file data26.tsv (TSV, C-alpha atoms)
chain	number	residue	atom	x	y	z
A	1	ASP	CA	7.54	70.04	1.68
A	2	LYS	CA	3.99	69.25	2.79
A	3	ALA	CA	3.63	66.61	0.09
A	4	VAL	CA	6.88	64.96	1.22
A	5	TYR	CA	5.64	64.82	4.81
A	6	VAL	CA	2.32	63.34	3.63
A	7	PHE	CA	4.24	60.81	1.53
A	8	SER	CA	6.29	59.80	4.57
A	9	GLU	CA	3.04	59.10	6.47
A	10	LEU	CA	1.57	57.27	3.48
A	11	LEU	CA	4.52	54.88	3.41
A	12	LYS	CA	3.73	53.88	6.99
A	13	LEU	CA	0.32	52.70	5.73
A	14	ASP	CA	1.52	51.18	2.46
A	15	PRO	CA	5.26	50.99	1.68
A	16	GLU	CA	4.66	50.32	-2.03
A	17	TYR	CA	3.98	53.95	-2.96
A	18	ARG	CA	6.51	56.01	-4.91
A	19	MET	CA	6.69	59.77	-5.33
A	20	VAL	CA	7.79	61.90	-8.27
A	21	ILE	CA	8.50	65.59	-7.83
A	22	ILE	CA	8.41	67.53	-11.10
A	23	GLY	CA	9.62	71.09	-11.37
A	24	PRO	CA	12.68	73.27	-11.68
A	25	ILE	CA	15.42	72.98	-9.11
A	26	GLY	CA	15.62	76.34	-7.39
A	27	SER	CA	16.75	78.20	-4.31
A	28	GLN	CA	14.44	76.22	-2.00
A	29	SER	CA	15.45	72.83	-3.38
A	30	GLU	CA	18.16	72.26	-0.77
A	31	TYR	CA	15.53	72.61	1.94
A	32	LEU	CA	13.46	69.91	0.23
A	33	PHE	CA	16.46	67.63	-0.33
A	34	LYS	CA	17.30	67.93	3.37
A	35	ILE	CA	13.78	66.87	4.40
A	36	ILE	CA	13.87	63.92	2.00
A	37	SER	CA	17.22	62.84	3.41
A	38	GLN	CA	16.17	63.28	7.06
A	39	LEU	CA	13.05	61.16	6.47
A	40	GLY	CA	15.07	58.46	4.67
A	41	LEU	CA	13.09	58.80	1.45
A	42	LYS	CA	15.87	59.10	-1.15
A	43	ASN	CA	15.07	55.68	-2.62
A	44	LYS	CA	11.32	56.33	-2.74
A	45	ILE	CA	11.28	59.76	-4.36
A	46	THR	CA	12.32	60.68	-7.90
A	47	ILE	CA	13.09	64.35	-8.56
A	48	THR	CA	12.95	65.10	-12.27
A	49	GLY	CA	13.79	68.79	-12.32
A	50	ALA	CA	12.17	70.88	-15.05
A	51	LEU	CA	10.72	68.85	-17.90
A	52	PRO	CA	9.37	69.60	-21.36
A	53	GLU	CA	5.57	69.76	-21.30
A	54	LYS	CA	5.14	66.42	-23.12
A	55	ASN	CA	7.33	64.60	-20.58
A	56	LYS	CA	5.49	66.20	-17.66
A	57	ILE	CA	2.13	65.08	-19.05
A	58	ASN	CA	3.49	61.55	-19.57
A	59	TRP	CA	4.52	61.42	-15.89
A	60	LEU	CA	1.08	62.66	-14.88
A	61	LYS	CA	-0.61	59.99	-16.99
A	62	LYS	CA	1.43	57.31	-15.20
A	63	SER	CA	0.51	58.74	-11.80
A	64	SER	CA	-2.54	58.11	-9.66
A	65	ILE	CA	-2.43	60.87	-7.07
A	66	TYR	CA	-1.45	64.52	-7.31
A	67	LEU	CA	-0.89	66.62	-4.19
A	68	GLN	CA	-1.08	70.40	-4.15
A	69	LEU	CA	-1.30	71.55	-0.56
A	70	SER	CA	-0.60	75.24	-1.12
A	71	HIS	CA	-1.51	77.96	1.36
A	72	TYR	CA	-1.95	80.18	-1.70
A	73	GLU	CA	-2.31	79.24	-5.35
A	74	GLY	CA	-2.75	81.38	-8.45
A	75	PHE	CA	-4.66	79.59	-11.21
A	76	GLY	CA	-3.65	75.99	-10.44
A	77	ILE	CA	-2.96	74.85	-14.01
A	78	SER	CA	-0.77	71.95	-12.86
A	79	ALA	CA	-3.61	70.58	-10.74
A	80	ILE	CA	-6.00	70.87	-13.71
A	81	GLU	CA	-3.47	69.03	-15.89
A	82	ALA	CA	-3.22	66.31	-13.24
A	83	LEU	CA	-7.02	66.05	-13.09
A	84	ALA	CA	-7.21	65.80	-16.89
A	85	SER	CA	-4.50	63.11	-16.80
A	86	GLY	CA	-6.63	60.88	-14.58
A	87	ASN	CA	-5.16	61.63	-11.16
A	88	ILE	CA	-7.03	62.05	-7.92
A	89	VAL	CA	-6.10	65.61	-7.01
A	90	ILE	CA	-5.71	66.19	-3.29
A	91	HIS	CA	-5.59	69.91	-2.67
A	92	SER	CA	-6.04	72.78	-0.23
A	93	ASN	CA	-8.82	74.50	-2.22
A	94	LYS	CA	-6.89	77.79	-2.02
A	95	GLY	CA	-6.95	80.42	-4.77
A	96	GLY	CA	-7.32	78.97	-8.25
A	97	LEU	CA	-7.56	75.42	-6.92
A	98	ALA	CA	-11.10	76.13	-5.70
A	99	GLU	CA	-12.34	76.97	-9.20
A	100	GLY	CA	-9.98	74.79	-11.22
A	101	VAL	CA	-10.39	71.55	-9.28
A	102	GLY	CA	-12.77	72.21	-6.38
A	103	SER	CA	-14.93	69.29	-5.33
A	104	PHE	CA	-13.66	67.19	-8.24
A	105	GLY	CA	-10.59	66.53	-6.18
A	106	ILE	CA	-10.31	65.78	-2.51
A	107	VAL	CA	-10.23	68.97	-0.49
A	108	ILE	CA	-7.98	69.03	2.56
A	109	ASN	CA	-8.90	71.66	5.14
A	110	ASP	CA	-5.61	71.56	7.03
A	111	PRO	CA	-2.61	70.81	4.79
A	112	ASN	CA	-0.47	70.26	7.91
A	113	GLU	CA	-2.39	67.16	9.05
A	114	TYR	CA	-0.04	64.80	7.22
A	115	SER	CA	-1.20	61.49	8.71
A	116	LYS	CA	-4.87	62.40	8.16
A	117	ILE	CA	-4.15	63.23	4.50
A	118	ALA	CA	-2.30	59.92	4.07
A	119	LEU	CA	-5.27	58.07	5.53
A	120	THR	CA	-7.60	59.96	3.17
A	121	ILE	CA	-5.51	58.75	0.21
A	122	ILE	CA	-5.72	55.13	1.36
A	123	GLU	CA	-9.45	55.38	2.08
A	124	SER	CA	-10.19	56.86	-1.35
A	125	TYR	CA	-8.80	53.67	-2.89
A	126	LYS	CA	-10.54	51.31	-0.46
A	127	LEU	CA	-13.93	52.94	-0.90
A	128	GLY	CA	-13.70	52.82	-4.67
A	129	THR	CA	-14.03	56.58	-4.99
A	130	LYS	CA	-10.95	56.73	-7.20
A	131	GLU	CA	-12.73	55.90	-10.47
A	132	GLU	CA	-15.69	58.10	-9.63
A	133	LYS	CA	-13.47	61.08	-8.74
A	134	ILE	CA	-11.42	60.60	-11.91
A	135	ARG	CA	-14.52	60.36	-14.11
A	136	GLU	CA	-16.05	63.46	-12.53
A	137	GLY	CA	-12.76	65.33	-12.74
A	138	LEU	CA	-12.27	64.57	-16.42
A	139	GLN	CA	-15.79	65.76	-17.18
A	140	HIS	CA	-15.18	68.93	-15.16
A	141	VAL	CA	-12.02	69.71	-17.16
A	142	LYS	CA	-13.81	69.03	-20.46
A	143	ASN	CA	-16.75	71.23	-19.48
A	144	ASN	CA	-14.74	74.15	-18.12
A	145	PHE	CA	-11.34	74.17	-19.80
A	146	ASP	CA	-12.04	73.01	-23.32
A	147	PHE	CA	-9.94	75.00	-25.81
A	148	ASN	CA	-12.92	76.30	-27.79
A	149	ARG	CA	-14.80	77.31	-24.67
A	150	ARG	CA	-11.78	79.20	-23.30
A	151	LEU	CA	-11.26	80.85	-26.71
A	152	ASN	CA	-14.88	82.03	-26.74
A	153	ASP	CA	-14.57	83.26	-23.15
A	154	PHE	CA	-11.53	85.34	-24.12
A	155	ARG	CA	-13.29	86.70	-27.20
A	156	ASP	CA	-16.24	87.76	-25.06
A	157	LEU	CA	-13.90	89.35	-22.53
A	158	PHE	CA	-12.07	91.33	-25.22
A	159	LYS	CA	-15.36	92.45	-26.79
A	160	ASP	CA	-16.47	93.78	-23.39
A	161	LEU	CA	-13.12	95.49	-22.83
A	162	LEU	CA	-13.23	97.17	-26.23
A	163	LYS	CA	-16.66	98.65	-25.40
A	164	LEU	CA	-15.14	100.61	-22.50
call {"tool": "encode", "arguments": {"input": "data26.tsv", "output": "structure tokens"}}
result
Amino acid sequence: DKAVYVFSELLKLDPEYRMVIIGPIGSQSEYLFKIISQLGLKNKITITGALPEKNKINWLKKSSIYLQLSHYEGFGISAIEALASGNIVIHSNKGGLAEGVGSFGIVINDPNEYSKIALTIIESYKLGTKEEKIREGLQHVKNNFDFNRRLNDFRDLFKDLLKL
């Protein structure tokens, strides 16, 4: 819901933006649909529902901005995928987002300041920080989440566990 409210504020600054919401339709979906309807955003937001991984990644590659304004977040794999797909990740820095994305995205201290977040999105484009953030983010993902590195980390972890 926070991302929808931010998007509503963003449209006031630039009506050309579009939003895509990817994920399974669940018990809280009606709440989200109601907000979208109340804000008059039905024609500006696409809701895909659950998608196969390949389709999700294709959507991310077509996107420019990824919002994850969670009050709590486990590992934050979707944000890392968005970062690796070339998106500016705007996030709350909670839980796994702090390690997974951290300063390689744009950290929002108060995810309820919707108009301020919208302005931050616009300013990141005007100041030319988009390309820099994307380049840094891609390097961060390569350095920290490379398959072989993660495999070696797990091997080391299991070796240590087996010593106990």
call {"tool": "closest_residue", "arguments": {"input": "data26.tsv", "among": "A:Gly102, A:Leu41, A:Asn148, A:His71", "to": "Val6 of chain A", "atoms": "only C-alpha atoms"}}
result
A:Leu41
call {"tool": "residues_near_point", "arguments": {"input": "data26.tsv", "point": "(-4.0, 58.5, -18.6)", "cutoff": "10 Å", "atoms": "only C-alpha atoms", "output": "VMD selection string"}}
result
chain A and resid 57 to 64 82 to 87
call {"tool": "atom_distance", "arguments": {"input": "data26.tsv", "atom1": "atom CA of Leu151 of chain A", "atom2": "atom CA of Gly96 of chain A"}}
result
19.0 Å
call {"tool": "residues_around", "arguments": {"input": "data26.tsv", "residues": "Ile35 of chain A", "least_positions_apart": "4", "cutoff": "8 Å", "atoms": "all atoms listed in the file", "output": "ChimeraX atom specification"}}
result
/A:1,4,31,39
call {"tool": "write_last_selection", "arguments": {"input": "data26.tsv", "atoms": "C-alpha atoms", "output": "CSV table (one decimal), in the frame of the given file"}}
result
chain,number,residue,atom,x,y,z
A,1,ASP,CA,7.5,70.0,1.7
A,4,VAL,CA,6.9,65.0,1.2
A,31,TYR,CA,15.5,72.6,1.9
A,39,LEU,CA,13.0,61.2,6.5
call {"tool": "atom_distance", "arguments": {"input": "data26.tsv", "atom1": "atom CA of Val20 of chain A", "atom2": "atom CA of Ile36 of chain A"}}
result
12.1 Å
call {"tool": "closest_residue", "arguments": {"input": "data26.tsv", "among": "A:Gly23, A:Leu69, A:Gly40, A:Gly74", "to": "Asn55 of chain A", "atoms": "all atoms listed in the file"}}
result
A:Gly23
call {"tool": "atom_distance", "arguments": {"input": "data26.tsv", "atom1": "atom CA of Gly49 of chain A", "atom2": "atom CA of Pro24 of chain A"}}
result
4.7 Å
call {"tool": "residues_around", "arguments": {"input": "data26.tsv", "residues": "segment 108-121 of chain A", "least_positions_apart": "2", "cutoff": "6 Å", "atoms": "all atoms listed in the file", "output": "PDB file with C-alpha atoms, in the frame of the given file"}}
result
ATOM      1  CA  VAL A   6       2.320  63.340   3.630  1.00  0.00           C
ATOM      2  CA  GLU A   9       3.040  59.100   6.470  1.00  0.00           C
ATOM      3  CA  LEU A  10       1.570  57.270   3.480  1.00  0.00           C
ATOM      4  CA  LEU A  69      -1.300  71.550  -0.560  1.00  0.00           C
ATOM      5  CA  HIS A  91      -5.590  69.910  -2.670  1.00  0.00           C
ATOM      6  CA  SER A  92      -6.040  72.780  -0.230  1.00  0.00           C
ATOM      7  CA  GLU A 123      -9.450  55.380   2.080  1.00  0.00           C
ATOM      8  CA  SER A 124     -10.190  56.860  -1.350  1.00  0.00           C
TER       9      SER A 124
END
call {"tool": "residues_around", "arguments": {"input": "data26.tsv", "residues": "Ser103 of chain A", "least_positions_apart": "2", "cutoff": "10 Å", "atoms": "only C-alpha atoms", "output": "list in words"}}
result
Val89, Ile90, His91, Asn93, Leu97, Ala98, Glu99, Gly100, Val101, Gly105, Ile106, Val107, Lys133, Glu136, Gly137 and His140 of chain A
call {"tool": "closest_residue", "arguments": {"input": "data26.tsv", "among": "A:Tyr66, A:Gly76, A:Tyr17, A:Ile45", "to": "Ile134 of chain A", "atoms": "only C-alpha atoms"}}
result
A:Tyr66
call {"tool": "build_atoms", "arguments": {"input": "data26.tsv", "residues": "segment 1-12 of chain A", "atoms": "all heavy atoms", "output": "PDB file, in the frame of the given file"}}
result
ATOM      1  N   ASP A   1       7.160  70.753   0.473  1.00  0.00           N
ATOM      2  CA  ASP A   1       7.540  70.040   1.680  1.00  0.00           C
ATOM      3  C   ASP A   1       6.358  69.306   2.296  1.00  0.00           C
ATOM      4  O   ASP A   1       6.494  68.201   2.814  1.00  0.00           O
ATOM      5  CB  ASP A   1       8.208  70.985   2.668  1.00  0.00           C
ATOM      6  CG  ASP A   1       7.298  72.111   3.162  1.00  0.00           C
ATOM      7  OD1 ASP A   1       6.353  72.478   2.462  1.00  0.00           O
ATOM      8  OD2 ASP A   1       7.566  72.616   4.257  1.00  0.00           O
ATOM      9  N   LYS A   2       5.167  69.898   2.208  1.00  0.00           N
ATOM     10  CA  LYS A   2       3.990  69.250   2.790  1.00  0.00           C
ATOM     11  C   LYS A   2       3.724  67.904   2.123  1.00  0.00           C
ATOM     12  O   LYS A   2       3.401  66.920   2.791  1.00  0.00           O
ATOM     13  CB  LYS A   2       2.776  70.155   2.674  1.00  0.00           C
ATOM     14  CG  LYS A   2       2.862  71.388   3.547  1.00  0.00           C
ATOM     15  CD  LYS A   2       1.646  72.251   3.370  1.00  0.00           C
ATOM     16  CE  LYS A   2       1.710  73.545   4.121  1.00  0.00           C
ATOM     17  NZ  LYS A   2       2.659  73.696   5.154  1.00  0.00           N
ATOM     18  N   ALA A   3       3.858  67.863   0.821  1.00  0.00           N
ATOM     19  CA  ALA A   3       3.630  66.610   0.090  1.00  0.00           C
ATOM     20  C   ALA A   3       4.635  65.543   0.506  1.00  0.00           C
ATOM     21  O   ALA A   3       4.280  64.364   0.606  1.00  0.00           O
ATOM     22  CB  ALA A   3       3.699  66.861  -1.414  1.00  0.00           C
ATOM     23  N   VAL A   4       5.868  65.927   0.776  1.00  0.00           N
ATOM     24  CA  VAL A   4       6.880  64.960   1.220  1.00  0.00           C
ATOM     25  C   VAL A   4       6.517  64.421   2.594  1.00  0.00           C
ATOM     26  O   VAL A   4       6.623  63.213   2.849  1.00  0.00           O
ATOM     27  CB  VAL A   4       8.300  65.594   1.222  1.00  0.00           C
ATOM     28  CG1 VAL A   4       9.317  64.655   1.866  1.00  0.00           C
ATOM     29  CG2 VAL A   4       8.718  65.947  -0.199  1.00  0.00           C
ATOM     30  N   TYR A   5       6.064  65.273   3.487  1.00  0.00           N
ATOM     31  CA  TYR A   5       5.640  64.820   4.810  1.00  0.00           C
ATOM     32  C   TYR A   5       4.426  63.888   4.711  1.00  0.00           C
ATOM     33  O   TYR A   5       4.351  62.868   5.412  1.00  0.00           O
ATOM     34  CB  TYR A   5       5.335  65.994   5.731  1.00  0.00           C
ATOM     35  CG  TYR A   5       6.571  66.732   6.179  1.00  0.00           C
ATOM     36  CD1 TYR A   5       6.732  68.088   5.914  1.00  0.00           C
ATOM     37  CD2 TYR A   5       7.588  66.077   6.876  1.00  0.00           C
ATOM     38  CE1 TYR A   5       7.862  68.774   6.334  1.00  0.00           C
ATOM     39  CE2 TYR A   5       8.723  66.755   7.298  1.00  0.00           C
ATOM     40  CZ  TYR A   5       8.849  68.105   7.026  1.00  0.00           C
ATOM     41  OH  TYR A   5       9.978  68.779   7.440  1.00  0.00           O
ATOM     42  N   VAL A   6       3.482  64.212   3.843  1.00  0.00           N
ATOM     43  CA  VAL A   6       2.320  63.340   3.630  1.00  0.00           C
ATOM     44  C   VAL A   6       2.799  61.991   3.086  1.00  0.00           C
ATOM     45  O   VAL A   6       2.360  60.930   3.538  1.00  0.00           O
ATOM     46  CB  VAL A   6       1.298  63.971   2.656  1.00  0.00           C
ATOM     47  CG1 VAL A   6       0.242  62.954   2.220  1.00  0.00           C
ATOM     48  CG2 VAL A   6       0.645  65.182   3.285  1.00  0.00           C
ATOM     49  N   PHE A   7       3.715  62.033   2.130  1.00  0.00           N
ATOM     50  CA  PHE A   7       4.240  60.810   1.530  1.00  0.00           C
ATOM     51  C   PHE A   7       4.911  59.934   2.588  1.00  0.00           C
ATOM     52  O   PHE A   7       4.725  58.708   2.600  1.00  0.00           O
ATOM     53  CB  PHE A   7       5.215  61.159   0.405  1.00  0.00           C
ATOM     54  CG  PHE A   7       5.806  59.956  -0.265  1.00  0.00           C
ATOM     55  CD1 PHE A   7       5.016  59.093  -1.004  1.00  0.00           C
ATOM     56  CD2 PHE A   7       7.156  59.684  -0.154  1.00  0.00           C
ATOM     57  CE1 PHE A   7       5.556  57.975  -1.624  1.00  0.00           C
ATOM     58  CE2 PHE A   7       7.708  58.576  -0.767  1.00  0.00           C
ATOM     59  CZ  PHE A   7       6.905  57.724  -1.502  1.00  0.00           C
ATOM     60  N   SER A   8       5.645  60.536   3.484  1.00  0.00           N
ATOM     61  CA  SER A   8       6.290  59.800   4.570  1.00  0.00           C
ATOM     62  C   SER A   8       5.241  59.060   5.408  1.00  0.00           C
ATOM     63  O   SER A   8       5.424  57.892   5.774  1.00  0.00           O
ATOM     64  CB  SER A   8       7.106  60.759   5.431  1.00  0.00           C
ATOM     65  OG  SER A   8       7.691  60.072   6.517  1.00  0.00           O
ATOM     66  N   GLU A   9       4.129  59.728   5.701  1.00  0.00           N
ATOM     67  CA  GLU A   9       3.040  59.100   6.470  1.00  0.00           C
ATOM     68  C   GLU A   9       2.345  58.017   5.651  1.00  0.00           C
ATOM     69  O   GLU A   9       1.948  56.984   6.182  1.00  0.00           O
ATOM     70  CB  GLU A   9       2.031  60.161   6.916  1.00  0.00           C
ATOM     71  CG  GLU A   9       2.567  61.141   7.936  1.00  0.00           C
ATOM     72  CD  GLU A   9       2.970  60.478   9.241  1.00  0.00           C
ATOM     73  OE1 GLU A   9       2.220  59.610   9.734  1.00  0.00           O
ATOM     74  OE2 GLU A   9       4.045  60.834   9.773  1.00  0.00           O
ATOM     75  N   LEU A  10       2.214  58.243   4.361  1.00  0.00           N
ATOM     76  CA  LEU A  10       1.570  57.270   3.480  1.00  0.00           C
ATOM     77  C   LEU A  10       2.365  55.964   3.441  1.00  0.00           C
ATOM     78  O   LEU A  10       1.781  54.877   3.450  1.00  0.00           O
ATOM     79  CB  LEU A  10       1.446  57.869   2.070  1.00  0.00           C
ATOM     80  CG  LEU A  10       0.721  57.049   1.022  1.00  0.00           C
ATOM     81  CD1 LEU A  10      -0.723  56.786   1.432  1.00  0.00           C
ATOM     82  CD2 LEU A  10       0.764  57.783  -0.312  1.00  0.00           C
ATOM     83  N   LEU A  11       3.677  56.079   3.430  1.00  0.00           N
ATOM     84  CA  LEU A  11       4.520  54.880   3.410  1.00  0.00           C
ATOM     85  C   LEU A  11       4.352  54.025   4.663  1.00  0.00           C
ATOM     86  O   LEU A  11       4.551  52.805   4.613  1.00  0.00           O
ATOM     87  CB  LEU A  11       5.988  55.259   3.228  1.00  0.00           C
ATOM     88  CG  LEU A  11       6.368  55.786   1.848  1.00  0.00           C
ATOM     89  CD1 LEU A  11       7.821  56.220   1.824  1.00  0.00           C
ATOM     90  CD2 LEU A  11       6.097  54.758   0.765  1.00  0.00           C
ATOM     91  N   LYS A  12       3.986  54.644   5.757  1.00  0.00           N
ATOM     92  CA  LYS A  12       3.730  53.880   6.990  1.00  0.00           C
ATOM     93  C   LYS A  12       2.484  53.000   6.826  1.00  0.00           C
ATOM     94  O   LYS A  12       2.380  51.947   7.443  1.00  0.00           O
ATOM     95  CB  LYS A  12       3.550  54.823   8.179  1.00  0.00           C
ATOM     96  CG  LYS A  12       4.809  55.579   8.535  1.00  0.00           C
ATOM     97  CD  LYS A  12       4.537  56.592   9.635  1.00  0.00           C
ATOM     98  CE  LYS A  12       5.767  57.445   9.898  1.00  0.00           C
ATOM     99  NZ  LYS A  12       5.493  58.528  10.865  1.00  0.00           N
TER     100      LYS A  12
END
